[in-house]
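Novice: Compact mmCIF, C-alpha atoms and all ligand atoms, saved as protein-v9.txt, coming up:
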# COMPACT_ATOMS: atom_id res chain seq x y z
CA MET A 7 10.71 8.42 -22.70
CA GLN A 8 11.46 4.88 -21.43
CA ASN A 9 8.82 5.47 -18.75
CA LYS A 10 6.22 6.39 -21.35
CA ILE A 11 7.02 3.45 -23.63
CA ALA A 12 6.92 1.03 -20.69
CA GLN A 13 3.53 2.45 -19.62
CA LEU A 14 2.08 2.26 -23.15
CA LEU A 15 3.28 -1.33 -23.54
CA TYR A 16 1.85 -2.16 -20.10
CA LYS A 17 -1.56 -0.65 -20.92
CA THR A 18 -1.78 -2.34 -24.32
CA LYS A 19 -3.24 -5.82 -24.33
CA GLY A 20 -1.33 -7.55 -27.13
CA TYR A 21 1.00 -5.96 -29.69
CA ILE A 22 1.46 -2.26 -30.44
CA SER A 23 3.32 -1.21 -33.57
CA GLY A 24 6.54 0.80 -33.52
CA GLN A 25 4.76 3.33 -35.77
CA GLN A 26 1.94 3.81 -33.24
CA LEU A 27 4.40 4.16 -30.35
CA SER A 28 6.38 6.81 -32.25
CA GLU A 29 3.19 8.71 -33.18
CA GLU A 30 1.70 8.63 -29.69
CA LEU A 31 4.94 9.86 -28.14
CA GLY A 32 5.92 12.23 -30.94
CA VAL A 33 9.38 10.69 -31.36
CA SER A 34 11.21 8.92 -34.20
CA ARG A 35 11.05 5.15 -34.83
CA GLN A 36 14.77 5.05 -34.05
CA ALA A 37 14.14 6.61 -30.65
CA VAL A 38 11.46 3.97 -29.97
CA ASN A 39 13.86 1.14 -30.92
CA LYS A 40 16.53 2.59 -28.65
CA ALA A 41 14.14 2.93 -25.71
CA VAL A 42 12.87 -0.65 -26.19
CA LYS A 43 16.47 -1.88 -26.15
CA SER A 44 17.19 0.03 -22.93
CA LEU A 45 14.05 -1.39 -21.30
CA ARG A 46 15.13 -4.91 -22.29
CA ASP A 47 18.56 -4.23 -20.76
CA LYS A 48 16.75 -3.33 -17.52
CA GLY A 49 14.95 -6.68 -17.44
CA PHE A 50 11.69 -5.93 -19.31
CA GLU A 51 10.72 -8.92 -21.45
CA ILE A 52 9.40 -7.39 -24.67
CA ASP A 53 8.41 -9.59 -27.57
CA SER A 54 8.73 -8.12 -31.09
CA MET A 55 7.10 -9.47 -34.25
CA THR A 56 7.36 -8.27 -37.86
CA ASN A 57 4.18 -6.44 -38.95
CA LYS A 58 2.75 -6.54 -35.41
CA GLY A 59 5.21 -4.56 -33.28
CA TYR A 60 5.98 -4.98 -29.61
CA MET A 61 4.28 -6.76 -26.73
CA LEU A 62 5.18 -6.62 -23.04
CA VAL A 63 5.61 -10.13 -21.68
CA ASN A 64 7.05 -9.42 -18.22
CA THR A 65 8.40 -6.56 -16.09
CA PRO A 66 11.73 -6.85 -14.23
CA SER A 67 11.87 -8.69 -10.92
CA VAL A 68 14.43 -6.29 -9.42
CA LEU A 69 13.59 -2.71 -8.36
CA CYS A 70 13.24 -0.50 -11.44
CA VAL A 71 11.68 2.97 -11.86
CA GLU A 72 10.02 2.23 -15.21
CA ALA A 73 8.32 -0.87 -13.76
CA ILE A 74 7.12 0.94 -10.60
CA LYS A 75 5.69 3.72 -12.79
CA CYS A 76 3.65 1.15 -14.76
CA TYR A 77 1.82 0.17 -11.57
CA LEU A 78 1.75 3.55 -9.79
CA ASN A 79 -1.52 5.37 -9.18
CA THR A 80 -0.77 8.37 -6.92
CA ASN A 81 -0.99 12.14 -7.20
CA LEU A 82 2.03 13.22 -5.17
CA ILE A 83 4.10 10.42 -3.67
CA GLY A 84 6.32 8.97 -6.37
CA ASN A 85 6.07 11.86 -8.85
CA LYS A 86 9.89 11.70 -8.74
CA ILE A 87 11.40 8.25 -8.18
CA LYS A 88 15.00 7.11 -8.42
CA VAL A 89 16.39 3.60 -7.95
CA LEU A 90 20.07 3.45 -7.02
CA ASP A 91 22.16 0.31 -7.52
CA THR A 92 23.98 0.93 -4.28
CA VAL A 93 24.08 3.70 -1.67
CA GLY A 94 25.18 4.17 1.95
CA SER A 95 21.69 4.97 3.22
CA THR A 96 18.63 6.04 1.21
CA ASN A 97 17.58 8.29 4.13
CA ASP A 98 20.93 10.12 4.12
CA TYR A 99 20.88 10.42 0.32
CA LEU A 100 17.36 11.87 0.32
CA LYS A 101 18.07 14.25 3.22
CA LYS A 102 20.86 15.76 1.08
CA LEU A 103 18.39 16.17 -1.81
CA GLY A 104 15.92 17.71 0.66
CA THR A 105 18.36 20.43 1.65
CA LYS A 106 18.79 21.21 -2.06
CA GLY A 107 15.02 21.66 -2.48
CA ALA A 108 13.81 18.23 -3.71
CA GLU A 109 10.05 18.29 -4.10
CA ALA A 110 7.53 16.71 -1.74
CA GLY A 111 6.77 13.13 -2.73
CA THR A 112 10.31 12.33 -3.99
CA VAL A 113 11.13 8.64 -3.46
CA ILE A 114 14.59 7.05 -3.39
CA LEU A 115 15.04 3.30 -3.52
CA ALA A 116 18.23 1.26 -3.46
CA ARG A 117 18.94 -2.30 -4.52
CA GLU A 118 21.65 -2.35 -1.83
CA GLN A 119 22.62 -0.19 1.16
CA THR A 120 26.15 -0.33 2.54
CA SER A 121 25.42 1.57 5.77
CA GLY A 122 21.66 1.32 6.26
CA LYS A 123 20.46 2.95 9.46
CA GLY A 124 17.96 1.70 12.01
CA ARG A 125 16.27 3.44 14.94
CA LEU A 126 18.19 4.29 18.11
CA GLY A 127 21.58 4.24 16.34
CA ARG A 128 21.24 0.65 15.13
CA THR A 129 22.17 -0.63 11.67
CA TRP A 130 19.85 -2.04 9.00
CA GLN A 131 21.15 -4.72 6.67
CA SER A 132 20.14 -4.42 2.98
CA LYS A 133 21.98 -6.93 0.79
CA LYS A 134 21.67 -6.65 -3.00
CA ASP A 135 18.12 -7.35 -4.23
CA ASN A 136 17.19 -9.07 -0.96
CA GLY A 137 14.74 -6.43 0.13
CA ILE A 138 13.22 -3.01 -0.36
CA ALA A 139 15.11 0.00 1.01
CA MET A 140 13.03 3.06 0.31
CA SER A 141 12.86 6.65 1.56
CA ILE A 142 10.12 9.22 0.98
CA LEU A 143 10.46 12.98 1.32
CA LEU A 144 7.46 15.02 2.47
CA ARG A 145 7.00 18.68 3.28
CA PRO A 146 4.10 18.95 5.74
CA GLU A 147 3.29 22.60 6.41
CA LYS A 148 3.27 22.12 10.15
CA ALA A 149 5.24 22.71 13.35
CA PRO A 150 7.55 19.87 14.49
CA ALA A 151 5.21 19.09 17.42
CA GLU A 152 2.32 18.56 15.02
CA ILE A 153 3.79 15.75 12.95
CA SER A 154 4.11 12.98 15.54
CA SER A 155 1.39 11.14 13.59
CA ILE A 156 3.75 10.46 10.67
CA THR A 157 5.22 7.46 12.49
CA PRO A 158 1.96 5.62 13.27
CA LEU A 159 0.36 6.56 9.93
CA THR A 160 3.35 5.15 8.06
CA GLY A 161 3.17 1.94 10.09
CA LEU A 162 -0.55 1.66 9.36
CA ALA A 163 -0.09 2.25 5.60
CA VAL A 164 2.80 -0.22 5.24
CA CYS A 165 1.05 -2.91 7.30
CA ARG A 166 -2.11 -2.63 5.19
CA ALA A 167 -0.17 -2.65 1.89
CA ILE A 168 1.73 -5.79 2.91
CA ASN A 169 -1.41 -7.58 4.09
CA ASP A 170 -3.31 -6.71 0.91
CA PHE A 171 -0.54 -7.33 -1.57
CA CYS A 172 1.16 -10.35 0.04
CA ARG A 173 -1.98 -11.85 1.62
CA LEU A 174 -0.27 -11.88 5.02
CA ASP A 175 -1.53 -11.16 8.54
CA SER A 176 1.20 -8.77 9.57
CA GLN A 177 0.74 -6.50 12.60
CA ILE A 178 2.26 -3.32 13.94
CA LYS A 179 4.61 -3.43 16.92
CA TRP A 180 4.30 0.06 18.36
CA PRO A 181 5.52 2.52 17.28
CA ASN A 182 6.07 1.21 13.78
CA ASP A 183 7.83 -2.10 13.27
CA ILE A 184 5.81 -4.50 11.17
CA ILE A 185 5.88 -8.05 12.46
CA VAL A 186 4.55 -11.44 11.45
CA GLY A 187 3.93 -13.62 14.49
CA SER A 188 6.70 -12.48 16.80
CA LYS A 189 9.28 -11.71 14.09
CA LYS A 190 10.19 -8.42 12.44
CA LEU A 191 9.48 -7.98 8.73
CA VAL A 192 9.75 -4.19 8.31
CA GLY A 193 11.58 -1.36 10.05
CA ILE A 194 10.69 2.31 9.69
CA LEU A 195 12.89 5.30 10.48
CA THR A 196 11.54 8.85 10.18
CA GLU A 197 13.93 11.79 10.28
CA MET A 198 13.18 15.48 9.98
CA GLN A 199 14.77 18.79 9.18
CA ALA A 200 13.01 21.65 10.93
CA GLU A 201 13.27 25.14 12.30
CA PHE A 202 11.89 25.89 15.75
CA ASP A 203 8.29 26.29 14.59
CA ARG A 204 8.24 24.92 11.03
CA VAL A 205 9.08 21.59 9.45
CA ASP A 206 11.27 21.95 6.39
CA PHE A 207 10.95 18.29 5.36
CA THR A 208 10.61 14.77 6.71
CA VAL A 209 12.33 11.70 5.31
CA THR A 210 10.68 8.38 6.13
CA GLY A 211 12.78 5.30 5.45
CA ILE A 212 11.19 1.89 5.09
CA GLY A 213 13.20 -1.33 5.05
CA ILE A 214 11.39 -4.55 4.10
CA ASN A 215 12.87 -8.03 4.20
CA VAL A 216 11.65 -9.60 0.96
CA GLN A 217 13.87 -12.43 -0.29
CA ASN A 218 16.02 -13.07 2.78
CA THR A 219 16.32 -16.69 3.84
CA VAL A 220 19.13 -16.21 6.36
CA PHE A 221 19.87 -13.36 8.74
CA PRO A 222 22.95 -12.39 10.79
CA ASP A 223 23.27 -14.45 14.01
CA ASP A 224 22.26 -11.60 16.33
CA ILE A 225 18.85 -11.09 14.67
CA ALA A 226 18.20 -14.57 13.24
CA HIS A 227 15.71 -15.44 16.04
CA LYS A 228 13.68 -12.26 15.57
CA ALA A 229 13.67 -11.47 11.83
CA THR A 230 11.63 -12.80 8.95
CA SER A 231 10.97 -12.06 5.28
CA ILE A 232 8.07 -12.13 2.84
CA LEU A 233 9.62 -15.18 1.15
CA LEU A 234 9.94 -17.06 4.46
CA GLU A 235 6.37 -16.21 5.46
CA THR A 236 4.60 -16.84 2.16
CA GLY A 237 6.94 -19.16 0.24
CA ARG A 238 6.42 -16.84 -2.72
CA HIS A 239 8.68 -14.49 -4.70
CA ILE A 240 6.60 -11.32 -4.88
CA ASN A 241 6.87 -8.59 -7.51
CA GLN A 242 8.84 -5.92 -5.61
CA ASN A 243 7.92 -3.14 -8.05
CA LYS A 244 4.20 -3.83 -7.60
CA LEU A 245 4.58 -3.89 -3.81
CA VAL A 246 6.37 -0.50 -3.90
CA ALA A 247 3.57 1.03 -6.02
CA CYS A 248 0.94 -0.42 -3.66
CA MET A 249 2.76 0.94 -0.59
CA LEU A 250 3.07 4.43 -2.11
CA LYS A 251 -0.69 4.40 -2.75
CA TYR A 252 -1.45 3.50 0.89
CA LEU A 253 1.09 6.03 2.18
CA GLU A 254 -0.48 8.80 0.13
CA ARG A 255 -3.93 7.83 1.42
CA GLU A 256 -2.93 7.66 5.10
CA LEU A 257 -0.45 10.54 5.26
CA VAL A 258 -1.16 13.12 2.58
CA ASN A 259 -4.93 12.72 2.27
CA ASN A 260 -5.27 12.80 6.09
CA HIS A 261 -3.09 15.95 6.29
CA TYR A 262 -0.58 14.05 8.45
CA THR A 263 -3.06 13.71 11.34
CA LEU A 264 -4.36 10.63 13.11
CA SER A 265 -8.14 10.80 12.79
CA GLY A 266 -10.44 8.81 15.08
CA THR A 267 -10.78 6.24 12.30
CA SER A 268 -7.03 5.85 11.84
CA VAL A 269 -6.55 5.45 15.62
CA THR A 270 -9.15 2.66 15.59
CA ASP A 271 -7.60 1.05 12.50
CA TYR A 272 -4.11 1.28 14.00
CA GLN A 273 -5.26 -0.28 17.27
CA LYS A 274 -6.87 -3.19 15.44
CA LEU A 275 -3.56 -3.97 13.73
CA CYS A 276 -1.33 -3.25 16.73
CA ALA A 277 0.15 -6.36 18.38
CA THR A 278 1.43 -4.34 21.35
CA ILE A 279 -2.04 -3.53 22.62
CA GLY A 280 -3.35 -5.96 25.21
CA ARG A 281 0.16 -7.09 26.15
CA SER A 282 2.38 -6.44 29.15
CA VAL A 283 5.03 -3.86 28.34
CA THR A 284 8.05 -2.42 30.11
CA PHE A 285 9.55 0.99 29.44
CA ASN A 286 12.04 3.47 30.91
CA ARG A 287 10.95 6.61 32.73
CA GLY A 288 14.01 8.54 33.83
CA ARG A 289 16.12 5.91 35.55
CA ARG A 290 13.14 3.76 36.49
CA ARG A 291 11.93 0.70 34.62
CA ILE A 292 8.11 0.61 34.62
CA SER A 293 5.71 -2.17 33.66
CA GLY A 294 2.05 -2.12 32.73
CA MET A 295 -0.55 -3.21 30.22
CA ALA A 296 -0.67 -1.46 26.80
CA ILE A 297 -4.30 -0.42 26.28
CA GLY A 298 -4.28 1.83 23.22
CA ILE A 299 -2.75 4.80 21.42
CA ASN A 300 -3.92 8.41 21.61
CA ASN A 301 -4.33 10.77 18.65
CA SER A 302 -0.68 11.86 18.87
CA GLY A 303 0.37 8.24 18.38
CA GLU A 304 1.57 7.82 21.98
CA LEU A 305 1.14 4.43 23.65
CA GLU A 306 -1.23 4.38 26.62
CA VAL A 307 -0.15 2.01 29.37
CA MET A 308 -2.29 1.08 32.38
CA LEU A 309 -0.09 0.80 35.47
CA SER A 310 -0.75 -1.49 38.45
CA ASN A 311 -2.03 1.47 40.54
CA GLY A 312 -4.74 2.14 37.93
CA THR A 313 -3.17 5.28 36.41
CA ILE A 314 -2.50 5.59 32.69
CA ALA A 315 1.00 6.51 31.49
CA THR A 316 1.67 7.74 27.96
CA VAL A 317 4.86 6.62 26.26
CA ASN A 318 6.10 8.57 23.26
CA SER A 319 9.55 7.37 22.35
CA GLY A 320 12.45 5.17 23.28
CA GLU A 321 12.33 1.46 23.59
CA VAL A 322 9.36 -0.44 24.88
CA THR A 323 9.78 -4.12 25.59
CA VAL A 324 6.69 -6.13 24.76
CA GLN A 325 6.13 -9.50 26.42
CA GLY A 326 6.06 -12.30 23.85
CA ILE A 327 7.59 -10.22 21.02
CA TYR A 328 11.36 -9.68 20.55
C1 LIG R 401 14.47 0.11 12.42
O1 LIG R 401 13.73 -0.86 12.47
O2 LIG R 401 15.29 0.32 13.31
C2 LIG R 401 14.35 1.07 11.26
C3 LIG R 401 14.98 0.51 10.03
C4 LIG R 401 14.84 1.44 8.83
C5 LIG R 401 15.58 0.94 7.62
C6 LIG R 401 15.31 1.77 6.40
S1 LIG R 401 15.92 1.02 4.93
C7 LIG R 401 15.61 2.48 4.04
C8 LIG R 401 15.99 3.64 4.93
N1 LIG R 401 17.41 3.95 4.83
C9 LIG R 401 18.07 3.74 5.97
O3 LIG R 401 19.27 3.92 6.14
N2 LIG R 401 17.22 3.27 6.90
C10 LIG R 401 15.86 3.18 6.40
Could you render the structure as structure tokens?
Ligand code: BTN
Specialist:
Amino acid sequence: MQNKIAQLLYKTKGYISGQQLSEELGVSRQAVNKAVKSLRDKGFEIDSMTNKGYMLVNTPSVLCVEAIKCYLNTNLIGNKIKVLDTVGSTNDYLKKLGTKGAEAGTVILAREQTSGKGRLGRTWQSKKDNGIAMSILLRPEKAPAEISSITPLTGLAVCRAINDFCRLDSQIKWPNDIIVGSKKLVGILTEMQAEFDRVDFTVTGIGINVQNTVFPDDIAHKATSILLETGRHINQNKLVACMLKYLERELVNNHYTLSGTSVTDYQKLCATIGRSVTFNRGRRRISGMAIGINNSGELEVMLSNGTIATVNSGEVTVQGIY
């Protein structure tokens, strides 16, 4: 109900009467008044005028389902969205929903995470309203070995959404950090529940530094935020809707596979390619030049003896980037 009123107000240029809102939604005038009050409590600025009705002046600046839904234009991702005030980790929360049968495309966001998780057992800091902590549940009908493209496709989608929406020149640090210059702006963590030959669901968590101006000492030299890079306070709800659109296009519409075009697009945006990299193979530390990714999303590295090694996980150190 609040969703529908917010969307009608958003679509209407100017005022819409309480009578018209109640007729279009098939609810009482009292119910309309109540919903408008709840939207105002959530940060919607709604002007009301006798004989004219209501007019939307502004949507909330903090994460809010009704605001995201105003801007959303997807078929699957975001059909169910929930914003939590605080949670341990949106990935953990959504994995629990996944085991209880949550539908593909469910999105969980949190204004704050108290135990946000990063890759390789690290932590991810998400202070209240400083950034976007979001997880998306998908149910690709594939075997676990066939979904390695989810990681690069997510990186590609998020990088493009940020560049379009924030007018930034962010790049991908393989496999899927998003960086500006040599500093990290976004971290992505994909987890999966699967049987031997069938994926039950994947949960992809995306953490974006939006409003941060200071970072903990240990990451201060290698982290940045949208505010620090652009000097602007962006509309977080619009950015979420834009990202969900790009994610649907790259992941769902491409059936979770890296096409030739997406490999080319990824490589154009990938800061790792063309740089010297070092990685672990068994107990050996190997160096080479990153030259591309293959259609499984693995990094191809040219070694000094002219052979090409493929790297598919773990930590790669890239010269010139953290
Ligand atoms: C990394 O760079 O190591 C990945 C960071 C992923 C952080 C996001 S924030 C939303 C989701 N919930 C989590 O606990 N982690 C991911």
Novice: The centre and edge lengths of an axis-aligned box containing all atoms of ligand LIG 401 (chain R) present in the file, extended by 5 Å on each side, are to be given in Å to one decimal, as AutoDock Vina command-line options.
Specialist:
--center_x 16.5 --center_y 1.5 --center_z 8.7 --size_x 15.5 --size_y 14.8 --size_z 19.3
Novice: For A:Lys179, which residue out of A:Cys248, A:Ala200, A:Leu191, A:Ala151 is the nearest one, using all atoms listed in the file?
Specialist: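 Of the candidates, the smallest distance to A:Lys179 is held by A:Leu191.
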Novice: Pull the closest atom pair for each residue of chain A that gets at most 6 Å from ligand LIG 401 (chain R), along with the distance in Å to one decimal, counting all atoms listed in the file, ordering rows by chain and then ascending residue number, as a Markdown table.
Specialist:
| residue | atom | partner | partner_atom | distance |
| --- | --- | --- | --- | --- |
| A:Ser95 | CA | R:LIG401 | O3 | 3.9 |
| A:Thr96 | CA | R:LIG401 | N1 | 4.4 |
| A:Asn97 | CA | R:LIG401 | N1 | 4.4 |
| A:Gly122 | CA | R:LIG401 | O3 | 3.5 |
| A:Lys123 | CA | R:LIG401 | O3 | 3.7 |
| A:Gly124 | CA | R:LIG401 | O2 | 3.3 |
| A:Arg125 | CA | R:LIG401 | O2 | 3.7 |
| A:Trp130 | CA | R:LIG401 | C5 | 5.4 |
| A:Ala139 | CA | R:LIG401 | C7 | 3.9 |
| A:Met140 | CA | R:LIG401 | C7 | 4.6 |
| A:Ser141 | CA | R:LIG401 | C8 | 5.5 |
| A:Gly193 | CA | R:LIG401 | O1 | 3.3 |
| A:Ile194 | CA | R:LIG401 | C2 | 4.2 |
| A:Leu195 | CA | R:LIG401 | C2 | 4.5 |
| A:Gly211 | CA | R:LIG401 | C8 | 3.7 |
| A:Ile212 | CA | R:LIG401 | C6 | 4.3 |
| A:Gly213 | CA | R:LIG401 | S1 | 3.6 |
Novice: Determine, counting only C-alpha atoms, which protein, DNA and RNA residues have an atom within 8 Å of an atom of A:Gly298; residues of the same chain fewer than 2 positions away are not included. Present the result as a list in words.
Specialist: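 The neighbour list is Gln273, Ile279, Ala296, Asn300, Leu305, Glu306 and Val307 of chain A.
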Novice: For the point (9.2, -4.7, -26.9) in file coordinates, what residues are within 6 Å, counting all atoms listed in the file? Give the answer as a list in words?
Specialist: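 Collected hits near the coordinates: Val42, Ile52, Asp53, Ser54, Tyr60, Met61 and Leu62 of chain A.
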Novice: So that I can see what lies close to A:Gln131, please list as JSON, numbers by chain the residues with an atom at most 8 Å from it, counting only C-alpha atoms and leaving out residues fewer than 5 positions away in the same chain.
Specialist: {"A": [119, 120, 121, 122]}
Novice: Just checking: using all atoms listed in the file, which residue out of A:Lys190, A:Arg128, A:His227, A:Arg117 ends up closest to A:Cys70?
Specialist: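 Using all atoms listed in the file, A:Cys70 sits closest to A:Arg117.
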Novice: Quick one: everything within 10 Å of A:Ile184, counting only C-alpha atoms, minus sequence neighbours fewer than 5 positions away in the same chain. Send it as a list in words.
Specialist: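 That gives Gly161, Leu162, Val164, Cys165, Ile168, Ser176, Gln177, Ile178, Lys179, Lys189, Lys190, Leu191, Val192, Gly193, Ile194, Ile214, Leu275, Cys276 and Ala277 of chain A.
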Novice: Residues at most 8 Å from A:Arg281, counting only C-alpha atoms, excluding those fewer than 6 positions away in the same chain, as an NGL selection string?
Specialist: :A and (295-296 or 324-325)
Novice: Which one is closest to A:Ala110: A:Val322, A:Ile292, A:Ala315, A:Leu143? Count all atoms listed in the file.
Specialist: A:Leu143
Novice: Between atom CA of A:Lys43 and atom CA of A:Lys17, what distance in Å does the model show, to one decimal?
Specialist: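 Going from atom CA of A:Lys43 over to atom CA of A:Lys17, I get 18.8 Å.
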Novice: Given the choices A:Glu235, A:Glu109, A:Glu152, A:Glu118, which gets closest to A:Arg204 if the distance is worked out from only C-alpha atoms?
Specialist: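 Closest to A:Arg204 of all the choices is A:Glu152.
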Novice: Could you check how far atom CA of A:Leu245 sits from atom CA of A:Asn85, in Å to one decimal?
Specialist: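 According to the coordinates, atom CA of A:Leu245 and atom CA of A:Asn85 are separated by 16.6 Å.
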Novice: Mind giving me the straight-line distance from atom CA of A:Leu309 to atom CA of A:Arg287 in Å, one decimal?
Specialist: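 Answer for the atom CA of A:Leu309 to atom CA of A:Arg287 separation: 12.8 Å.
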Novice: List as a VMD selection string the residues having at least one atom at most 7 Å from position (18.3, 0.7, -8.1) as given in the file, counting only C-alpha atoms.
Specialist: chain A and resid 69 to 70 89 to 92 115 to 117
